[in-house]
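Enquirer: CSV, C-alpha atoms, file target_25.csv:
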chain,number,residue,atom,x,y,z
A,1,MET,CA,0.0,0.0,0.0
A,2,HIS,CA,2.9,2.3,0.7
A,3,ASP,CA,4.1,2.1,-3.0
A,4,VAL,CA,0.6,3.0,-4.3
A,5,GLU,CA,0.4,6.0,-2.0
A,6,ALA,CA,3.9,7.2,-3.1
A,7,LEU,CA,2.8,6.8,-6.7
A,8,ARG,CA,-0.3,8.8,-6.1
A,9,ARG,CA,1.7,11.6,-4.4
A,10,ASP,CA,4.1,11.6,-7.3
A,11,ILE,CA,1.3,11.8,-9.9
A,12,VAL,CA,-0.4,14.6,-8.0
A,13,GLY,CA,2.9,16.4,-7.8
A,14,MET,CA,3.4,16.1,-11.5
A,15,VAL,CA,-0.1,17.3,-12.3
A,16,ASP,CA,0.4,20.3,-10.0
A,17,GLU,CA,3.7,21.1,-11.6
A,18,LEU,CA,2.3,20.8,-15.1
A,19,ARG,CA,-0.7,23.0,-14.1
A,20,SER,CA,1.7,25.6,-12.6
A,21,ALA,CA,3.9,25.6,-15.7
A,22,ILE,CA,1.0,26.1,-18.0
A,23,GLU,CA,-0.3,29.0,-15.9
A,24,ASP,CA,3.2,30.5,-16.0
A,25,ILE,CA,3.3,30.5,-19.8
A,26,GLY,CA,-0.1,32.2,-20.0
A,27,ASP,CA,-2.9,29.8,-20.3
A,28,GLY,CA,-4.5,29.6,-16.9
A,29,GLY,CA,-8.0,28.5,-17.9
A,30,MET,CA,-7.1,25.4,-19.7
A,31,PRO,CA,-9.1,22.2,-19.1
A,32,GLU,CA,-7.1,19.7,-17.1
A,33,ALA,CA,-7.4,16.9,-19.7
A,34,ASN,CA,-5.5,19.0,-22.2
A,35,VAL,CA,-2.6,20.1,-20.1
A,36,VAL,CA,0.0,17.6,-21.5
A,37,SER,CA,-1.4,17.8,-25.0
A,38,ASN,CA,-1.2,21.6,-24.9
A,39,ALA,CA,2.3,21.6,-23.5
A,40,ARG,CA,3.4,19.2,-26.3
A,41,ASP,CA,1.7,21.3,-28.9
A,42,ARG,CA,3.4,24.4,-27.6
A,43,LEU,CA,6.8,22.7,-27.7
A,44,ARG,CA,6.1,21.5,-31.3
A,45,TYR,CA,5.1,25.1,-32.3
A,46,ILE,CA,8.2,26.6,-30.7
A,47,SER,CA,10.4,23.9,-32.3
A,48,ALA,CA,9.0,24.7,-35.8
A,49,LEU,CA,9.4,28.5,-35.4
A,50,THR,CA,12.9,28.0,-34.0
A,51,GLU,CA,13.8,25.8,-36.9
A,52,GLN,CA,12.4,28.3,-39.4
A,53,ALA,CA,14.3,31.2,-37.8
A,54,ALA,CA,17.5,29.2,-37.7
A,55,GLY,CA,17.2,28.3,-41.3
A,56,ARG,CA,16.6,31.9,-42.3
A,57,SER,CA,19.5,33.1,-40.2
A,58,LEU,CA,21.8,30.4,-41.7
A,59,ASN,CA,20.8,31.3,-45.2
A,60,ALA,CA,21.4,35.0,-44.7
A,61,ALA,CA,24.8,34.4,-43.0
A,62,GLU,CA,25.9,32.1,-45.9
A,63,ALA,CA,24.8,34.7,-48.4
A,64,ILE,CA,26.7,37.4,-46.6
A,65,ALA,CA,29.8,35.2,-46.5
A,66,ASP,CA,29.6,34.6,-50.2
A,67,ARG,CA,29.3,38.3,-50.9
A,68,LEU,CA,32.2,39.1,-48.6
A,69,HIS,CA,34.3,36.5,-50.4
A,70,ALA,CA,33.5,38.0,-53.8
A,71,GLN,CA,34.2,41.5,-52.6
A,72,ARG,CA,37.5,40.5,-51.1
A,73,ALA,CA,38.6,38.9,-54.3
A,74,ARG,CA,37.7,42.0,-56.3
A,75,ALA,CA,39.5,44.2,-53.7
A,76,GLU,CA,42.7,42.0,-54.0
A,77,ALA,CA,42.6,42.3,-57.8
A,78,LEU,CA,42.2,46.1,-57.6
A,79,MET,CA,45.1,46.3,-55.0
A,80,GLY,CA,47.5,44.9,-57.7
A,81,ARG,CA,46.3,47.4,-60.3
A,82,THR,CA,46.4,50.7,-58.5
A,83,ARG,CA,49.3,52.9,-57.5
A,84,SER,CA,47.3,55.4,-55.5
A,85,PRO,CA,48.3,55.3,-51.8
A,86,ALA,CA,44.9,56.4,-50.7
A,87,LEU,CA,43.2,53.7,-52.7
A,88,ARG,CA,45.7,51.1,-51.6
A,89,ALA,CA,45.1,52.1,-47.9
A,90,PHE,CA,41.3,51.9,-48.5
A,91,LEU,CA,41.6,48.5,-50.1
A,92,ALA,CA,43.8,47.3,-47.2
A,93,GLU,CA,41.3,48.6,-44.7
A,94,LEU,CA,38.5,46.9,-46.7
A,95,ARG,CA,40.4,43.6,-46.6
A,96,GLU,CA,40.7,43.8,-42.8
A,97,GLU,CA,36.9,44.7,-42.5
A,98,HIS,CA,36.1,41.7,-44.7
A,99,GLU,CA,38.2,39.4,-42.5
A,100,LEU,CA,36.4,40.6,-39.4
A,101,SER,CA,33.0,40.4,-41.0
A,102,ALA,CA,33.8,36.9,-42.3
A,103,ALA,CA,34.7,35.9,-38.7
A,104,ASP,CA,31.4,37.3,-37.4
A,105,THR,CA,29.5,35.4,-40.1
A,106,SER,CA,31.3,32.2,-39.2
A,107,GLU,CA,30.2,32.8,-35.5
A,108,ILE,CA,26.6,33.2,-36.7
A,109,ILE,CA,26.8,30.0,-38.6
A,110,GLN,CA,28.2,28.1,-35.6
A,111,ALA,CA,25.5,29.6,-33.4
A,112,GLN,CA,22.9,28.3,-35.8
A,113,ALA,CA,24.5,24.8,-35.6
A,114,PHE,CA,24.1,25.0,-31.8
A,115,GLN,CA,20.5,26.1,-32.4
A,116,ASP,CA,20.0,23.0,-34.4
A,117,LEU,CA,21.2,20.9,-31.5
A,118,VAL,CA,18.7,22.7,-29.2
A,119,GLY,CA,15.9,21.9,-31.7
A,120,GLN,CA,16.9,18.2,-31.6
A,121,VAL,CA,16.7,18.3,-27.8
A,122,VAL,CA,13.3,19.9,-27.9
A,123,ASN,CA,12.1,17.2,-30.3
A,124,LYS,CA,13.4,14.5,-28.0
A,125,LEU,CA,11.6,16.2,-25.1
A,126,MET,CA,8.4,16.2,-27.1
A,127,VAL,CA,8.8,12.4,-27.6
A,128,THR,CA,9.3,12.0,-23.9
A,129,VAL,CA,6.2,14.1,-23.1
A,130,GLN,CA,4.2,12.0,-25.5
A,131,LYS,CA,5.3,8.9,-23.8
A,132,MET,CA,4.5,10.3,-20.4
A,133,GLU,CA,1.0,11.3,-21.6
A,134,ASP,CA,0.4,7.9,-23.1
A,135,GLY,CA,1.6,6.3,-19.9
A,136,LEU,CA,-0.6,8.5,-17.7
A,137,VAL,CA,-3.6,7.9,-20.0
A,138,HIS,CA,-3.0,4.1,-19.8
A,139,LEU,CA,-2.6,4.3,-16.1
A,140,LEU,CA,-5.9,6.3,-15.7
A,141,LEU,CA,-7.8,4.0,-18.1
A,142,ASP,CA,-6.5,0.9,-16.3
A,143,ASP,CA,-7.4,2.4,-13.0
A,144,GLU,CA,-11.0,3.2,-13.9
A,145,PRO,CA,-13.5,1.2,-11.8
A,146,ASP,CA,-15.7,-1.4,-13.4
A,147,PRO,CA,-18.9,0.4,-14.4
A,148,GLY,CA,-20.9,-2.5,-13.2
A,149,LEU,CA,-19.7,-2.0,-9.6
A,150,LEU,CA,-21.5,0.5,-7.3
A,151,ALA,CA,-19.4,3.2,-5.8
A,152,GLY,CA,-19.7,3.7,-2.1
A,153,PRO,CA,-18.8,2.2,1.2
A,154,ALA,CA,-20.1,-1.4,0.5
A,155,VAL,CA,-17.3,-3.8,1.4
A,156,THR,CA,-18.7,-7.0,-0.1
A,157,PRO,CA,-20.8,-7.5,-3.2
A,158,ARG,CA,-23.7,-9.0,-1.2
A,159,ALA,CA,-23.8,-5.8,1.0
A,160,ALA,CA,-24.2,-3.6,-2.1
A,161,ILE,CA,-27.7,-2.4,-3.0
A,162,SER,CA,-29.0,-1.9,-6.5
A,163,GLN,CA,-30.6,1.2,-8.0
A,164,ASP,CA,-34.0,-0.6,-7.9
A,165,ASP,CA,-33.6,-1.0,-4.1
A,166,VAL,CA,-33.0,2.7,-3.8
A,167,ASP,CA,-35.9,3.6,-6.1
A,168,SER,CA,-38.3,1.3,-4.1
A,169,LEU,CA,-37.5,3.4,-0.9
A,170,PHE,CA,-39.1,6.4,-2.6
A,171,ASP,CA,-42.2,4.7,-3.8
Do you think you could lay out the structure here as structure tokens?

Expert:
Amino acid sequence: MHDVEALRRDIVGMVDELRSAIEDIGDGGMPEANVVSNARDRLRYISALTEQAAGRSLNAAEAIADRLHAQRARAEALMGRTRSPALRAFLAELREEHELSAADTSEIIQAQAFQDLVGQVVNKLMVTVQKMEDGLVHLLLDDEPDPGLLAGPAVTPRAAISQDDVDSLFD
């Protein structure tokens, strides 16, 4: 009996924690039956938006890197053709700026790779939440009383009374 009581306390604690988390993220009036499904749907939505944002950022960073590479090549070609000290100084400064910008772009690309890992973790978390929900539903369905049994304090089946017996009292 001690293990069943501990399990009950754990389940009540998880439900309270889920309810609190859902209220914290702004959906206080949600029906209790949808708490886990709603949390999973929110995670799925966040994951999809994050993946889209990461993809757009990565595409933009790669496009910037390509343009920087092309500009740097053109600047190097011009450096060899000009004798103007002012233009040569500008092209040298431009080369340094391109190197710094290329490094920053590389940082953005690496950050997006990290974001991809975060997305994978969120997706694994969603699978875990789905398994938890399935397990809780299974537990709740297996724990439902037999609809043929009467609820109440009757200890033995012969001590139980039928609805007909109750109705006869009011006749």

Enquirer: Provide the atom CA of A:Val122 to atom CA of A:Asp10 distance in Å, to one decimal place.

Expert: 24.0 Å

Enquirer: Nearest to A:Ala53: which of A:Gly119, A:Arg95, A:Ser168, A:Ala77 is it, counting all atoms listed in the file?

Expert: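 Closest to A:Ala53, using all atoms listed in the file: A:Gly119.
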
Enquirer: So how many Å separate atom CA of A:Ala102 and atom CA of A:Val121, to one decimal?

Expert: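 Atom-to-atom, atom CA of A:Ala102 and atom CA of A:Val121 are spaced 29.1 Å apart.
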
Enquirer: A:Ala75: which residues within 12 Å, counting all atoms listed in the file, same-chain residues fewer than 6 positions away excluded, as a VMD selection string?

Expert: chain A and resid 68 to 69 81 to 82 87 to 98

Enquirer: Between atom CA of A:Glu62 and atom CA of A:Glu107, what is the distance in Å, rounded to a tenth?

Expert: 11.3 Å

Enquirer: Distance table requested - stretch 2-109 of chain A against stretch 127-137 of chain A, cut-off 9 Å, all atoms listed in the file: one row per qualifying residue with the closest atom pair and its distance in Å to one decimal, ordered by chain and rising residue number, as JSON lines.

Expert:
{"residue": "A:Ile11", "atom": "CA", "partner": "A:Leu136", "partner_atom": "CA", "distance": 8.7}
{"residue": "A:Val36", "atom": "CA", "partner": "A:Glu133", "partner_atom": "CA", "distance": 6.4}
{"residue": "A:Ser37", "atom": "CA", "partner": "A:Glu133", "partner_atom": "CA", "distance": 7.7}
{"residue": "A:Ala39", "atom": "CA", "partner": "A:Val129", "partner_atom": "CA", "distance": 8.5}
{"residue": "A:Arg40", "atom": "CA", "partner": "A:Val129", "partner_atom": "CA", "distance": 6.6}

Enquirer: Residues of the last selection are to be written out with C-alpha atoms, as a PDB file, keeping the file's coordinate frame.

Expert:
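Saved as result38.pdb:
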ATOM      1  CA  ILE A  11       1.300  11.800  -9.900  1.00  0.00           C
ATOM      2  CA  VAL A  36       0.000  17.600 -21.500  1.00  0.00           C
ATOM      3  CA  SER A  37      -1.400  17.800 -25.000  1.00  0.00           C
ATOM      4  CA  ALA A  39       2.300  21.600 -23.500  1.00  0.00           C
ATOM      5  CA  ARG A  40       3.400  19.200 -26.300  1.00  0.00           C
TER       6      ARG A  40
END

Enquirer: Find, counting all atoms listed in the file, the residue in A:Ala63, A:Arg42, A:Arg8, A:Ala54 that gets nearest to A:Leu117.

Expert: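 Smallest separation from A:Leu117 among the options: A:Ala54.
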
Enquirer: Looking at A:Ala86, A:Ala113, A:Leu125, A:Met79, which one is nearest to A:Gly55, with distances taken over only C-alpha atoms?

Expert: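 Ranked by minimum distance to A:Gly55, first place goes to A:Ala113.
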
Enquirer: Kindly indicate which residue among A:Ala73, A:Asn123, A:Pro85, A:Ser57 lies nearest to A:Arg44, using only C-alpha atoms for the distances.

Expert: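 Closest to A:Arg44 of all the choices is A:Asn123.
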
Enquirer: Ranking A:Gly80, A:Ala48, A:Asp167, A:Asp16 by minimum distance to A:Gln120 and counting all atoms listed in the file, which one comes first?

Expert: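 Closest residue, counting all atoms listed in the file: A:Ala48.
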